[in-house]
Amino acid sequence: MRVYVLSRNEELYSTRRLVEAAKQKGWEVRVVDFLKCSIEIMKGNLEIHYEGEKLPVPDAIIPRIGASRTFYGTAMVRHFEMMDVFTTSGSLAIKRSRDKLRSLQILSKNGVDMPKTVFASNKSSAKDVIALSGGAPLVLKILEGTQGVGVVLVDSEKAAKSVLDAFYGMDVNLLVQEFIEEAGGADIRAFVVNGEVVGAMRRQGAEGDFRSNLHQGGSAVAHKLTRKERATALAAAKSMGLGVCGVDMIPSKRGPLVMEVNSSPGLEGIEKSTELDIAIKIMDYIEANVTPVAQAPKKKKRIKKDNIGA
């Protein structure tokens with residue numbers, strides 16, 4: 001089996017663990033910086049070149065695409081898909097997950113619960129947006145923000161109006177969400193691989209911070225999911241069409257509410273908090289869906305295609 005890990009940095013924990021797990025299977029594995037790839041497109045011929053060489057066609061790829069490089073990264077993933085290469089996360093699914101508004105629309109369409117959310121243009125009345133959101137306190141999220149950056153909690157309608165007016169004046173797109181006070185700055189990440197939850201952790205925000213993101217100083221411990229939490233995580237992953245993802249949920253009085261579905265979830269927090277080998281689960285997913293080129297019958301498709309949705 002030949003596998004490429006599409007990553008900008010081979011020293012990152014997640015990338016290293018994926019390489020280790022692939023080698024544990026006895027596979028040929030290579031880290032490919034997707035920004036150094038170029039594609040050649042001709043009639044009936046698709047190629048990818050990397051640092052001056054034509055890349056051999058792999059059996060599978062594992063995309064680790066950063067949010068700031070989504071367009072170029074998904075273009076490379078799509079090219080591999082066109083070459084009939086299996087990917088643990090499809091290009092369309094990655095793009096869906098990176099668009100906060102689009103992902104919430106898809107989750108809503110599929111009956112997945114989430115905090116009440118309002119999106120409006122900068123020409124909308126801030127007062128109307130606040131009223132639609134249920135009033136203060138409110139959480140304001142910049143659509144392009146990642147890892148907890150660009151998320152603000154406002155505790156009064158006056159403060160909410162001031163912040164909304166300021167951001168709208170800078171032509172910034174915002175999501176306005178109800179604040180789930182009973183969560184106490186905690187959330188749950190369920191790690192889903194191939195339609196199964198393979199691990200879960202409960203993250204707690206740093207003291208005085210309502211954000212639970214580990215990059216903002218939060219901590220994590222292993223978490224045993226309730227039946228409702230597990231069902232919600234699986235429904236969210238299926239709705240987004242992601243084979244590998246982290247589903248972030250916030251506990252509330254009405255049950256788990258999905259905040260985000262992450263298409264490139266880090267392995268460090270989940271593996272260290274649960275002491276589970278999540279990387280090998282991803283390799284098992286590849287193994288279950290791919291027949292290596294050398295073993296595949298000529299006329300038999302060797303790849304199970306991901307479903308493509310909204």
# chains A, B, ... in the order shown; residues from 1 in each chain; ligands from 1

$ select_by_dssp --residues "stretch 173-250 of chain A" --states "strand (DSSP E)" --output "ChimeraX atom specification"
/A:174-178,186-193,196-204,219-222,244-250

$ write_last_selection --atoms "C-alpha atoms" --output "PDB file, in the first residue's frame"
ATOM      1  CA  LEU A 174     -20.375  37.327  11.492  1.00  0.00           C
ATOM      2  CA  LEU A 175     -22.420  34.535  12.957  1.00  0.00           C
ATOM      3  CA  VAL A 176     -24.410  35.468  16.047  1.00  0.00           C
ATOM      4  CA  GLN A 177     -25.241  32.560  18.363  1.00  0.00           C
ATOM      5  CA  GLU A 178     -27.054  32.031  21.617  1.00  0.00           C
ATOM      6  CA  ALA A 186     -16.726  23.047  28.384  1.00  0.00           C
ATOM      7  CA  ASP A 187     -17.355  21.118  25.192  1.00  0.00           C
ATOM      8  CA  ILE A 188     -17.011  17.566  23.904  1.00  0.00           C
ATOM      9  CA  ARG A 189     -15.070  16.425  20.863  1.00  0.00           C
ATOM     10  CA  ALA A 190     -16.018  13.060  19.402  1.00  0.00           C
ATOM     11  CA  PHE A 191     -13.512  11.642  16.918  1.00  0.00           C
ATOM     12  CA  VAL A 192     -15.306   9.818  14.106  1.00  0.00           C
ATOM     13  CA  VAL A 193     -13.611   7.424  11.679  1.00  0.00           C
ATOM     14  CA  GLU A 196     -17.784   5.028  14.133  1.00  0.00           C
ATOM     15  CA  VAL A 197     -16.819   7.068  17.181  1.00  0.00           C
ATOM     16  CA  VAL A 198     -13.277   5.911  18.040  1.00  0.00           C
ATOM     17  CA  GLY A 199     -12.645   8.263  20.965  1.00  0.00           C
ATOM     18  CA  ALA A 200     -14.014  11.286  22.791  1.00  0.00           C
ATOM     19  CA  MET A 201     -12.685  13.948  25.131  1.00  0.00           C
ATOM     20  CA  ARG A 202     -14.179  16.692  27.251  1.00  0.00           C
ATOM     21  CA  ARG A 203     -12.393  20.010  26.890  1.00  0.00           C
ATOM     22  CA  GLN A 204     -12.518  22.730  29.524  1.00  0.00           C
ATOM     23  CA  SER A 219      -7.429  21.224  28.985  1.00  0.00           C
ATOM     24  CA  ALA A 220      -8.849  17.828  28.018  1.00  0.00           C
ATOM     25  CA  VAL A 221      -9.806  14.545  29.669  1.00  0.00           C
ATOM     26  CA  ALA A 222     -11.277  11.327  28.278  1.00  0.00           C
ATOM     27  CA  VAL A 244     -12.483  11.275   9.392  1.00  0.00           C
ATOM     28  CA  CYS A 245     -13.521  14.232  11.528  1.00  0.00           C
ATOM     29  CA  GLY A 246     -13.838  15.732  14.962  1.00  0.00           C
ATOM     30  CA  VAL A 247     -17.365  16.697  15.990  1.00  0.00           C
ATOM     31  CA  ASP A 248     -17.442  19.463  18.589  1.00  0.00           C
ATOM     32  CA  MET A 249     -20.548  19.492  20.766  1.00  0.00           C
ATOM     33  CA  ILE A 250     -21.567  21.668  23.666  1.00  0.00           C
TER      34      ILE A 250
END

$ closest_residue --among "A:Phe71, A:Tyr285, A:Tyr13, A:Phe179" --to "A:Asp99" --atoms "only C-alpha atoms"
A:Phe71

$ residues_around --residues "A:Asp33" --least-positions-apart "6" --cutoff "9 Å" --atoms "only C-alpha atoms" --output "PyMOL selection string"
chain A and resi 5-10+50

$ write_last_selection --atoms "all heavy atoms" --output "mmCIF file, in the first residue's frame"
data_model
loop_
_atom_site.group_PDB
_atom_site.id
_atom_site.type_symbol
_atom_site.label_atom_id
_atom_site.label_comp_id
_atom_site.auth_asym_id
_atom_site.auth_seq_id
_atom_site.Cartn_x
_atom_site.Cartn_y
_atom_site.Cartn_z
ATOM 1 N N VAL A 5 0.590 11.420 3.061
ATOM 2 C CA VAL A 5 -0.008 12.325 4.037
ATOM 3 C C VAL A 5 0.219 13.741 3.520
ATOM 4 O O VAL A 5 1.362 14.188 3.397
ATOM 5 C CB VAL A 5 0.632 12.167 5.436
ATOM 6 C CG1 VAL A 5 -0.040 13.117 6.429
ATOM 7 C CG2 VAL A 5 0.537 10.727 5.921
ATOM 8 N N LEU A 6 -0.867 14.433 3.173
ATOM 9 C CA LEU A 6 -0.750 15.794 2.648
ATOM 10 C C LEU A 6 -0.652 16.756 3.827
ATOM 11 O O LEU A 6 -1.646 17.069 4.478
ATOM 12 C CB LEU A 6 -1.948 16.150 1.768
ATOM 13 C CG LEU A 6 -2.239 15.214 0.589
ATOM 14 C CD1 LEU A 6 -3.348 15.791 -0.289
ATOM 15 C CD2 LEU A 6 -0.993 14.944 -0.239
ATOM 16 N N SER A 7 0.561 17.207 4.114
ATOM 17 C CA SER A 7 0.802 18.041 5.290
ATOM 18 C C SER A 7 1.920 19.028 5.005
ATOM 19 O O SER A 7 2.887 18.696 4.309
ATOM 20 C CB SER A 7 1.169 17.164 6.489
ATOM 21 O OG SER A 7 1.585 17.938 7.597
ATOM 22 N N ARG A 8 1.804 20.224 5.585
ATOM 23 C CA ARG A 8 2.835 21.248 5.414
ATOM 24 C C ARG A 8 4.071 20.975 6.254
ATOM 25 O O ARG A 8 5.147 21.479 5.961
ATOM 26 C CB ARG A 8 2.299 22.632 5.822
ATOM 27 C CG ARG A 8 1.103 23.164 5.062
ATOM 28 C CD ARG A 8 1.410 23.645 3.661
ATOM 29 N NE ARG A 8 2.715 24.229 3.488
ATOM 30 C CZ ARG A 8 3.048 25.488 3.811
ATOM 31 N NH1 ARG A 8 2.166 26.306 4.346
ATOM 32 N NH2 ARG A 8 4.257 25.924 3.579
ATOM 33 N N ASN A 9 3.923 20.190 7.324
ATOM 34 C CA ASN A 9 5.028 20.030 8.273
ATOM 35 C C ASN A 9 5.069 18.592 8.787
ATOM 36 O O ASN A 9 4.184 18.164 9.514
ATOM 37 C CB ASN A 9 4.843 21.015 9.439
ATOM 38 C CG ASN A 9 6.012 21.009 10.403
ATOM 39 O OD1 ASN A 9 6.915 20.171 10.325
ATOM 40 N ND2 ASN A 9 6.007 21.957 11.321
ATOM 41 N N GLU A 10 6.112 17.876 8.421
ATOM 42 C CA GLU A 10 6.218 16.483 8.828
ATOM 43 C C GLU A 10 6.553 16.316 10.309
ATOM 44 O O GLU A 10 6.481 15.212 10.846
ATOM 45 C CB GLU A 10 7.266 15.763 7.982
ATOM 46 C CG GLU A 10 8.668 16.299 8.108
ATOM 47 C CD GLU A 10 9.646 15.611 7.170
ATOM 48 O OE1 GLU A 10 9.172 14.936 6.227
ATOM 49 O OE2 GLU A 10 10.851 15.735 7.387
ATOM 50 N N TYR A 50 5.727 17.043 -7.932
ATOM 51 C CA TYR A 50 6.149 17.476 -6.602
ATOM 52 C C TYR A 50 7.649 17.732 -6.604
ATOM 53 O O TYR A 50 8.436 16.814 -6.847
ATOM 54 C CB TYR A 50 5.793 16.405 -5.577
ATOM 55 C CG TYR A 50 6.102 16.770 -4.146
ATOM 56 C CD1 TYR A 50 5.465 17.842 -3.527
ATOM 57 C CD2 TYR A 50 7.037 16.046 -3.405
ATOM 58 C CE1 TYR A 50 5.745 18.176 -2.211
ATOM 59 C CE2 TYR A 50 7.308 16.363 -2.087
ATOM 60 C CZ TYR A 50 6.667 17.432 -1.496
ATOM 61 O OH TYR A 50 6.943 17.767 -0.194
#

$ select_by_dssp --residues "stretch 6-159 of chain A" --states "alpha helix (DSSP H)" --output "ChimeraX atom specification"
/A:13-24,70-82,91-98,100-109,126-132,157-159

$ write_last_selection --atoms "N, CA and C atoms" --output "compact mmCIF listing (two decimals), in the first residue's frame"
# COMPACT_ATOMS: atom_id res chain seq x y z
N TYR A 13 2.72 16.76 15.38
CA TYR A 13 2.34 15.52 16.08
C TYR A 13 1.43 14.65 15.23
N SER A 14 0.38 15.24 14.68
CA SER A 14 -0.59 14.46 13.91
C SER A 14 0.07 13.79 12.71
N THR A 15 0.90 14.54 12.00
CA THR A 15 1.58 13.99 10.82
C THR A 15 2.51 12.85 11.22
N ARG A 16 3.29 13.04 12.27
CA ARG A 16 4.21 12.00 12.73
C ARG A 16 3.46 10.72 13.12
N ARG A 17 2.34 10.88 13.81
CA ARG A 17 1.59 9.71 14.25
C ARG A 17 0.99 8.94 13.07
N LEU A 18 0.53 9.67 12.07
CA LEU A 18 -0.03 9.01 10.89
C LEU A 18 1.05 8.23 10.14
N VAL A 19 2.24 8.82 10.05
CA VAL A 19 3.36 8.13 9.40
C VAL A 19 3.72 6.87 10.19
N GLU A 20 3.80 6.98 11.52
CA GLU A 20 4.12 5.83 12.36
C GLU A 20 3.10 4.71 12.19
N ALA A 21 1.82 5.08 12.14
CA ALA A 21 0.77 4.08 12.03
C ALA A 21 0.82 3.38 10.68
N ALA A 22 1.10 4.13 9.60
CA ALA A 22 1.21 3.53 8.28
C ALA A 22 2.39 2.56 8.22
N LYS A 23 3.51 2.96 8.81
CA LYS A 23 4.69 2.08 8.83
C LYS A 23 4.41 0.84 9.67
N GLN A 24 3.61 0.99 10.72
CA GLN A 24 3.22 -0.14 11.55
C GLN A 24 2.48 -1.19 10.72
N THR A 70 -7.22 26.25 2.37
CA THR A 70 -8.30 25.37 1.94
C THR A 70 -8.43 25.30 0.41
N PHE A 71 -8.38 26.45 -0.27
CA PHE A 71 -8.61 26.45 -1.72
C PHE A 71 -7.55 25.62 -2.44
N TYR A 72 -6.28 25.90 -2.18
CA TYR A 72 -5.22 25.16 -2.88
C TYR A 72 -5.20 23.70 -2.43
N GLY A 73 -5.35 23.49 -1.13
CA GLY A 73 -5.31 22.13 -0.61
C GLY A 73 -6.41 21.26 -1.18
N THR A 74 -7.63 21.78 -1.25
CA THR A 74 -8.73 20.97 -1.79
C THR A 74 -8.60 20.78 -3.30
N ALA A 75 -7.93 21.70 -3.97
CA ALA A 75 -7.67 21.51 -5.41
C ALA A 75 -6.77 20.30 -5.62
N MET A 76 -5.77 20.15 -4.75
CA MET A 76 -4.87 19.00 -4.85
C MET A 76 -5.63 17.70 -4.51
N VAL A 77 -6.43 17.76 -3.44
CA VAL A 77 -7.21 16.57 -3.07
C VAL A 77 -8.13 16.17 -4.21
N ARG A 78 -8.79 17.15 -4.82
CA ARG A 78 -9.71 16.87 -5.93
C ARG A 78 -8.98 16.22 -7.10
N HIS A 79 -7.74 16.66 -7.35
CA HIS A 79 -6.98 16.08 -8.46
C HIS A 79 -6.66 14.62 -8.19
N PHE A 80 -6.29 14.31 -6.96
CA PHE A 80 -6.08 12.90 -6.60
C PHE A 80 -7.37 12.10 -6.77
N GLU A 81 -8.49 12.69 -6.36
CA GLU A 81 -9.78 12.02 -6.52
C GLU A 81 -10.06 11.71 -7.98
N MET A 82 -9.74 12.67 -8.87
CA MET A 82 -9.94 12.48 -10.30
C MET A 82 -9.08 11.33 -10.83
N SER A 91 -12.62 16.27 -1.09
CA SER A 91 -12.39 17.70 -1.28
C SER A 91 -13.66 18.51 -1.01
N LEU A 92 -14.80 18.02 -1.47
CA LEU A 92 -16.05 18.76 -1.27
C LEU A 92 -16.43 18.79 0.21
N ALA A 93 -16.24 17.66 0.89
CA ALA A 93 -16.57 17.60 2.31
C ALA A 93 -15.68 18.54 3.12
N ILE A 94 -14.41 18.63 2.76
CA ILE A 94 -13.50 19.56 3.45
C ILE A 94 -13.98 20.99 3.26
N LYS A 95 -14.33 21.34 2.02
CA LYS A 95 -14.80 22.71 1.76
C LYS A 95 -16.09 23.01 2.50
N ARG A 96 -16.99 22.05 2.57
CA ARG A 96 -18.23 22.24 3.31
C ARG A 96 -17.94 22.54 4.77
N SER A 97 -17.04 21.76 5.36
CA SER A 97 -16.77 21.91 6.79
C SER A 97 -16.08 23.23 7.11
N ARG A 98 -15.33 23.78 6.16
CA ARG A 98 -14.57 25.01 6.40
C ARG A 98 -15.46 26.26 6.33
N LYS A 100 -18.32 27.92 7.84
CA LYS A 100 -19.13 27.78 9.06
C LYS A 100 -20.62 27.90 8.77
N LEU A 101 -21.00 28.85 7.95
CA LEU A 101 -22.40 29.06 7.64
C LEU A 101 -22.96 27.88 6.85
N ARG A 102 -22.26 27.47 5.83
CA ARG A 102 -22.72 26.35 5.00
C ARG A 102 -22.86 25.07 5.82
N SER A 103 -21.89 24.82 6.69
CA SER A 103 -21.95 23.60 7.48
C SER A 103 -23.15 23.60 8.43
N LEU A 104 -23.46 24.75 9.02
CA LEU A 104 -24.63 24.83 9.90
C LEU A 104 -25.92 24.63 9.11
N GLN A 105 -25.97 25.16 7.90
CA GLN A 105 -27.14 24.97 7.05
C GLN A 105 -27.34 23.49 6.73
N ILE A 106 -26.25 22.78 6.45
CA ILE A 106 -26.33 21.36 6.14
C ILE A 106 -26.76 20.56 7.37
N LEU A 107 -26.18 20.89 8.52
CA LEU A 107 -26.54 20.19 9.75
C LEU A 107 -28.02 20.41 10.08
N SER A 108 -28.49 21.65 9.91
CA SER A 108 -29.90 21.95 10.17
C SER A 108 -30.81 21.15 9.24
N LYS A 109 -30.45 21.09 7.97
CA LYS A 109 -31.23 20.36 6.98
C LYS A 109 -31.36 18.89 7.35
N ALA A 126 -28.51 45.92 13.69
CA ALA A 126 -27.92 45.17 14.79
C ALA A 126 -28.98 44.82 15.83
N LYS A 127 -29.90 45.73 16.04
CA LYS A 127 -30.97 45.50 17.02
C LYS A 127 -31.82 44.30 16.62
N ASP A 128 -32.14 44.18 15.33
CA ASP A 128 -32.94 43.06 14.85
C ASP A 128 -32.18 41.74 14.98
N VAL A 129 -30.87 41.78 14.68
CA VAL A 129 -30.04 40.57 14.77
C VAL A 129 -30.00 40.08 16.22
N ILE A 130 -29.84 40.99 17.15
CA ILE A 130 -29.80 40.64 18.58
C ILE A 130 -31.12 40.02 19.01
N ALA A 131 -32.22 40.59 18.56
CA ALA A 131 -33.54 40.09 18.92
C ALA A 131 -33.76 38.69 18.35
N LEU A 132 -33.37 38.47 17.08
CA LEU A 132 -33.53 37.16 16.46
C LEU A 132 -32.71 36.09 17.17
N GLU A 157 -26.91 43.70 25.63
CA GLU A 157 -27.35 44.10 24.29
C GLU A 157 -26.61 45.35 23.82
N LYS A 158 -26.27 46.22 24.75
CA LYS A 158 -25.53 47.42 24.39
C LYS A 158 -24.15 47.05 23.86
N ALA A 159 -23.47 46.14 24.55
CA ALA A 159 -22.15 45.69 24.09
C ALA A 159 -22.26 44.95 22.77

$ atom_distance --atom1 "atom CA of A:Val261" --atom2 "atom CA of A:Met170"
27.5 Å

$ atom_distance --atom1 "atom CA of A:His223" --atom2 "atom CA of A:Pro256"
13.7 Å

$ residues_around --residues "A:Asp155" --least-positions-apart "6" --cutoff "7 Å" --atoms "only C-alpha atoms" --output "PyMOL selection string"
chain A and resi 136-138

$ write_last_selection --atoms "all heavy atoms" --output "PDB file, in the first residue's frame"
ATOM      1  N   ALA A 136     -29.013  39.121  24.661  1.00  0.00           N
ATOM      2  CA  ALA A 136     -27.735  38.882  25.329  1.00  0.00           C
ATOM      3  C   ALA A 136     -27.931  37.976  26.550  1.00  0.00           C
ATOM      4  O   ALA A 136     -29.029  37.927  27.125  1.00  0.00           O
ATOM      5  CB  ALA A 136     -27.123  40.214  25.726  1.00  0.00           C
ATOM      6  N   PRO A 137     -26.840  37.262  26.955  1.00  0.00           N
ATOM      7  CA  PRO A 137     -25.510  37.243  26.333  1.00  0.00           C
ATOM      8  C   PRO A 137     -25.507  36.474  25.010  1.00  0.00           C
ATOM      9  O   PRO A 137     -26.311  35.560  24.805  1.00  0.00           O
ATOM     10  CB  PRO A 137     -24.648  36.551  27.385  1.00  0.00           C
ATOM     11  CG  PRO A 137     -25.600  35.683  28.140  1.00  0.00           C
ATOM     12  CD  PRO A 137     -26.894  36.424  28.180  1.00  0.00           C
ATOM     13  N   LEU A 138     -24.574  36.847  24.140  1.00  0.00           N
ATOM     14  CA  LEU A 138     -24.470  36.261  22.813  1.00  0.00           C
ATOM     15  C   LEU A 138     -23.009  35.967  22.480  1.00  0.00           C
ATOM     16  O   LEU A 138     -22.094  36.585  23.016  1.00  0.00           O
ATOM     17  CB  LEU A 138     -25.023  37.215  21.753  1.00  0.00           C
ATOM     18  CG  LEU A 138     -26.527  37.511  21.768  1.00  0.00           C
ATOM     19  CD1 LEU A 138     -26.835  38.653  20.823  1.00  0.00           C
ATOM     20  CD2 LEU A 138     -27.310  36.263  21.388  1.00  0.00           C
TER      21      LEU A 138
END

$ closest_residue --among "A:Leu164, A:Ile180, A:Leu267, A:Val112" --to "A:Met240" --atoms "only C-alpha atoms"
A:Val112

$ atom_distance --atom1 "atom CA of A:Ile65" --atom2 "atom CA of A:Lys36"
13.1 Å
